[in-house]
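Visitor: First, the structure itself, so that you have it in front of you.
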Amino acid sequence: MHVFTGKASSANEALTRAHQVYDAAFAARQAGLEVPGQQDGGWGARGVRDGWELDWAAAKAGRWSNPNDWTRKTPYEL
């Protein structure tokens, strides 16, 4: 699984932005350059590994909810 985060007004926009930052990161890596940092809307990619091929047709977008956020925990969750 790969996770891209940033602001978007729709799932379609989120998928488009994620694909754009992935493409920019991949192009930079191929050119021997640093992976671009965070772009407008908070979108960015931390790294790209050779041999990774993302299946964009199967990609899904939705509201991110950090599973490790301590404010989400109930007293009974560990």
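In the structure tokens, chains take the letters A, B, ... in the order shown, each chain's residues start at 1, and ligands count up from 1 in the order shown.
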Please identify every residue of region 15-36 of chain A that has at least one atom no farther than 8 Å from an atom of region 44-50 of chain A, counting only C-alpha atoms, and for each give the shortest atom pair and the distance in Å to one decimal, arranged by chain then increasing number, as JSON lines.

Guide:
{"residue": "A:Ala18", "atom": "CA", "partner": "A:Gly44", "partner_atom": "CA", "distance": 7.8}
{"residue": "A:Val21", "atom": "CA", "partner": "A:Gly44", "partner_atom": "CA", "distance": 5.6}
{"residue": "A:Tyr22", "atom": "CA", "partner": "A:Ala45", "partner_atom": "CA", "distance": 6.3}
{"residue": "A:Ala25", "atom": "CA", "partner": "A:Ala45", "partner_atom": "CA", "distance": 6.5}
{"residue": "A:Phe26", "atom": "CA", "partner": "A:Val48", "partner_atom": "CA", "distance": 6.2}
{"residue": "A:Arg29", "atom": "CA", "partner": "A:Val48", "partner_atom": "CA", "distance": 7.2}
{"residue": "A:Val35", "atom": "CA", "partner": "A:Gly47", "partner_atom": "CA", "distance": 6.5}
{"residue": "A:Pro36", "atom": "CA", "partner": "A:Gly44", "partner_atom": "CA", "distance": 7.2}

Visitor: Looking only at the backbone, which of the residues in chain A does DSSP tag as helix (DSSP H, G or I), as a PDB file with N, CA and C atoms, in the first residue's frame?

Guide:
ATOM      1  N   ALA A  11     -12.534  13.120  -4.433  1.00  0.00           N
ATOM      2  CA  ALA A  11     -11.695  11.926  -4.572  1.00  0.00           C
ATOM      3  C   ALA A  11     -10.954  11.957  -5.897  1.00  0.00           C
ATOM      4  N   ASN A  12     -11.611  12.426  -6.947  1.00  0.00           N
ATOM      5  CA  ASN A  12     -10.971  12.500  -8.255  1.00  0.00           C
ATOM      6  C   ASN A  12      -9.783  13.461  -8.232  1.00  0.00           C
ATOM      7  N   GLU A  13      -9.956  14.611  -7.595  1.00  0.00           N
ATOM      8  CA  GLU A  13      -8.845  15.557  -7.480  1.00  0.00           C
ATOM      9  C   GLU A  13      -7.703  14.952  -6.663  1.00  0.00           C
ATOM     10  N   ALA A  14      -8.025  14.236  -5.609  1.00  0.00           N
ATOM     11  CA  ALA A  14      -6.996  13.605  -4.781  1.00  0.00           C
ATOM     12  C   ALA A  14      -6.190  12.596  -5.589  1.00  0.00           C
ATOM     13  N   LEU A  15      -6.857  11.782  -6.384  1.00  0.00           N
ATOM     14  CA  LEU A  15      -6.145  10.809  -7.209  1.00  0.00           C
ATOM     15  C   LEU A  15      -5.272  11.505  -8.245  1.00  0.00           C
ATOM     16  N   THR A  16      -5.774  12.572  -8.825  1.00  0.00           N
ATOM     17  CA  THR A  16      -4.996  13.325  -9.811  1.00  0.00           C
ATOM     18  C   THR A  16      -3.753  13.923  -9.178  1.00  0.00           C
ATOM     19  N   ARG A  17      -3.907  14.559  -8.025  1.00  0.00           N
ATOM     20  CA  ARG A  17      -2.763  15.176  -7.342  1.00  0.00           C
ATOM     21  C   ARG A  17      -1.753  14.127  -6.900  1.00  0.00           C
ATOM     22  N   ALA A  18      -2.223  13.001  -6.383  1.00  0.00           N
ATOM     23  CA  ALA A  18      -1.320  11.931  -5.967  1.00  0.00           C
ATOM     24  C   ALA A  18      -0.510  11.429  -7.163  1.00  0.00           C
ATOM     25  N   HIS A  19      -1.171  11.256  -8.280  1.00  0.00           N
ATOM     26  CA  HIS A  19      -0.487  10.795  -9.482  1.00  0.00           C
ATOM     27  C   HIS A  19       0.536  11.826  -9.946  1.00  0.00           C
ATOM     28  N   GLN A  20       0.204  13.103  -9.861  1.00  0.00           N
ATOM     29  CA  GLN A  20       1.129  14.164 -10.263  1.00  0.00           C
ATOM     30  C   GLN A  20       2.388  14.171  -9.396  1.00  0.00           C
ATOM     31  N   VAL A  21       2.222  14.065  -8.080  1.00  0.00           N
ATOM     32  CA  VAL A  21       3.410  14.111  -7.220  1.00  0.00           C
ATOM     33  C   VAL A  21       4.242  12.838  -7.379  1.00  0.00           C
ATOM     34  N   TYR A  22       3.597  11.726  -7.625  1.00  0.00           N
ATOM     35  CA  TYR A  22       4.342  10.497  -7.895  1.00  0.00           C
ATOM     36  C   TYR A  22       5.153  10.646  -9.178  1.00  0.00           C
ATOM     37  N   ASP A  23       4.509  11.147 -10.229  1.00  0.00           N
ATOM     38  CA  ASP A  23       5.214  11.327 -11.505  1.00  0.00           C
ATOM     39  C   ASP A  23       6.398  12.277 -11.356  1.00  0.00           C
ATOM     40  N   ALA A  24       6.210  13.368 -10.605  1.00  0.00           N
ATOM     41  CA  ALA A  24       7.299  14.332 -10.392  1.00  0.00           C
ATOM     42  C   ALA A  24       8.444  13.691  -9.614  1.00  0.00           C
ATOM     43  N   ALA A  25       8.116  12.909  -8.595  1.00  0.00           N
ATOM     44  CA  ALA A  25       9.145  12.241  -7.801  1.00  0.00           C
ATOM     45  C   ALA A  25       9.894  11.216  -8.642  1.00  0.00           C
ATOM     46  N   PHE A  26       9.165  10.465  -9.449  1.00  0.00           N
ATOM     47  CA  PHE A  26       9.780   9.444 -10.285  1.00  0.00           C
ATOM     48  C   PHE A  26      10.700  10.090 -11.329  1.00  0.00           C
ATOM     49  N   ALA A  27      10.241  11.176 -11.954  1.00  0.00           N
ATOM     50  CA  ALA A  27      11.050  11.873 -12.963  1.00  0.00           C
ATOM     51  C   ALA A  27      12.331  12.429 -12.337  1.00  0.00           C
ATOM     52  N   ALA A  28      12.213  12.990 -11.148  1.00  0.00           N
ATOM     53  CA  ALA A  28      13.398  13.520 -10.453  1.00  0.00           C
ATOM     54  C   ALA A  28      14.377  12.388 -10.158  1.00  0.00           C
ATOM     55  N   ARG A  29      13.877  11.284  -9.681  1.00  0.00           N
ATOM     56  CA  ARG A  29      14.743  10.136  -9.367  1.00  0.00           C
ATOM     57  C   ARG A  29      15.459   9.638 -10.618  1.00  0.00           C
ATOM     58  N   GLN A  30      14.731   9.537 -11.724  1.00  0.00           N
ATOM     59  CA  GLN A  30      15.323   9.076 -12.982  1.00  0.00           C
ATOM     60  C   GLN A  30      16.416  10.030 -13.464  1.00  0.00           C
ATOM     61  N   ASP A  40       2.022  22.474  -3.407  1.00  0.00           N
ATOM     62  CA  ASP A  40       0.805  23.169  -2.986  1.00  0.00           C
ATOM     63  C   ASP A  40      -0.274  22.180  -2.553  1.00  0.00           C
ATOM     64  N   GLY A  41      -1.032  22.560  -1.567  1.00  0.00           N
ATOM     65  CA  GLY A  41      -2.072  21.690  -1.034  1.00  0.00           C
ATOM     66  C   GLY A  41      -1.538  20.625  -0.096  1.00  0.00           C
ATOM     67  N   GLY A  42      -0.249  20.678   0.206  1.00  0.00           N
ATOM     68  CA  GLY A  42       0.341  19.708   1.117  1.00  0.00           C
ATOM     69  C   GLY A  42       0.712  18.389   0.470  1.00  0.00           C
ATOM     70  N   TRP A  56      -2.564   2.527 -10.789  1.00  0.00           N
ATOM     71  CA  TRP A  56      -3.443   3.691 -10.641  1.00  0.00           C
ATOM     72  C   TRP A  56      -4.895   3.357 -10.942  1.00  0.00           C
ATOM     73  N   ALA A  57      -5.152   2.358 -11.773  1.00  0.00           N
ATOM     74  CA  ALA A  57      -6.533   1.971 -12.071  1.00  0.00           C
ATOM     75  C   ALA A  57      -7.231   1.421 -10.821  1.00  0.00           C
ATOM     76  N   ALA A  58      -6.474   0.852  -9.905  1.00  0.00           N
ATOM     77  CA  ALA A  58      -7.041   0.287  -8.682  1.00  0.00           C
ATOM     78  C   ALA A  58      -6.979   1.258  -7.501  1.00  0.00           C
ATOM     79  N   TRP A  70      -3.772   9.558  19.016  1.00  0.00           N
ATOM     80  CA  TRP A  70      -4.200   9.212  20.371  1.00  0.00           C
ATOM     81  C   TRP A  70      -5.557   9.826  20.710  1.00  0.00           C
ATOM     82  N   THR A  71      -5.979  10.885  20.030  1.00  0.00           N
ATOM     83  CA  THR A  71      -7.277  11.503  20.341  1.00  0.00           C
ATOM     84  C   THR A  71      -8.429  10.640  19.849  1.00  0.00           C
ATOM     85  N   ARG A  72      -8.163   9.680  18.979  1.00  0.00           N
ATOM     86  CA  ARG A  72      -9.207   8.789  18.472  1.00  0.00           C
ATOM     87  C   ARG A  72      -9.423   7.592  19.384  1.00  0.00           C
TER      88      ARG A  72
END

Visitor: If you measure from CA of Ser65 (chain A) to CA of His2 (chain A), what distance in Å do you get, rounded to one decimal?

Guide: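 Separating CA of Ser65 (chain A) from CA of His2 (chain A) is a distance of 14.8 Å.
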
Visitor: Applying 10 Å and only C-alpha atoms, which residues near Trp64 (chain A) remain after dropping the ones on its own chain fewer than 4 positions away? List them as a PyMOL selection string.

Guide: chain A and resi 3-6

Visitor: Using only C-alpha atoms, find the one residue out of A:Ser10, A:Gly32, A:Trp43, A:Gln38 that sits nearest to Lys60 (chain A).

Guide: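 Smallest separation from Lys60 (chain A) among the options: A:Ser10.
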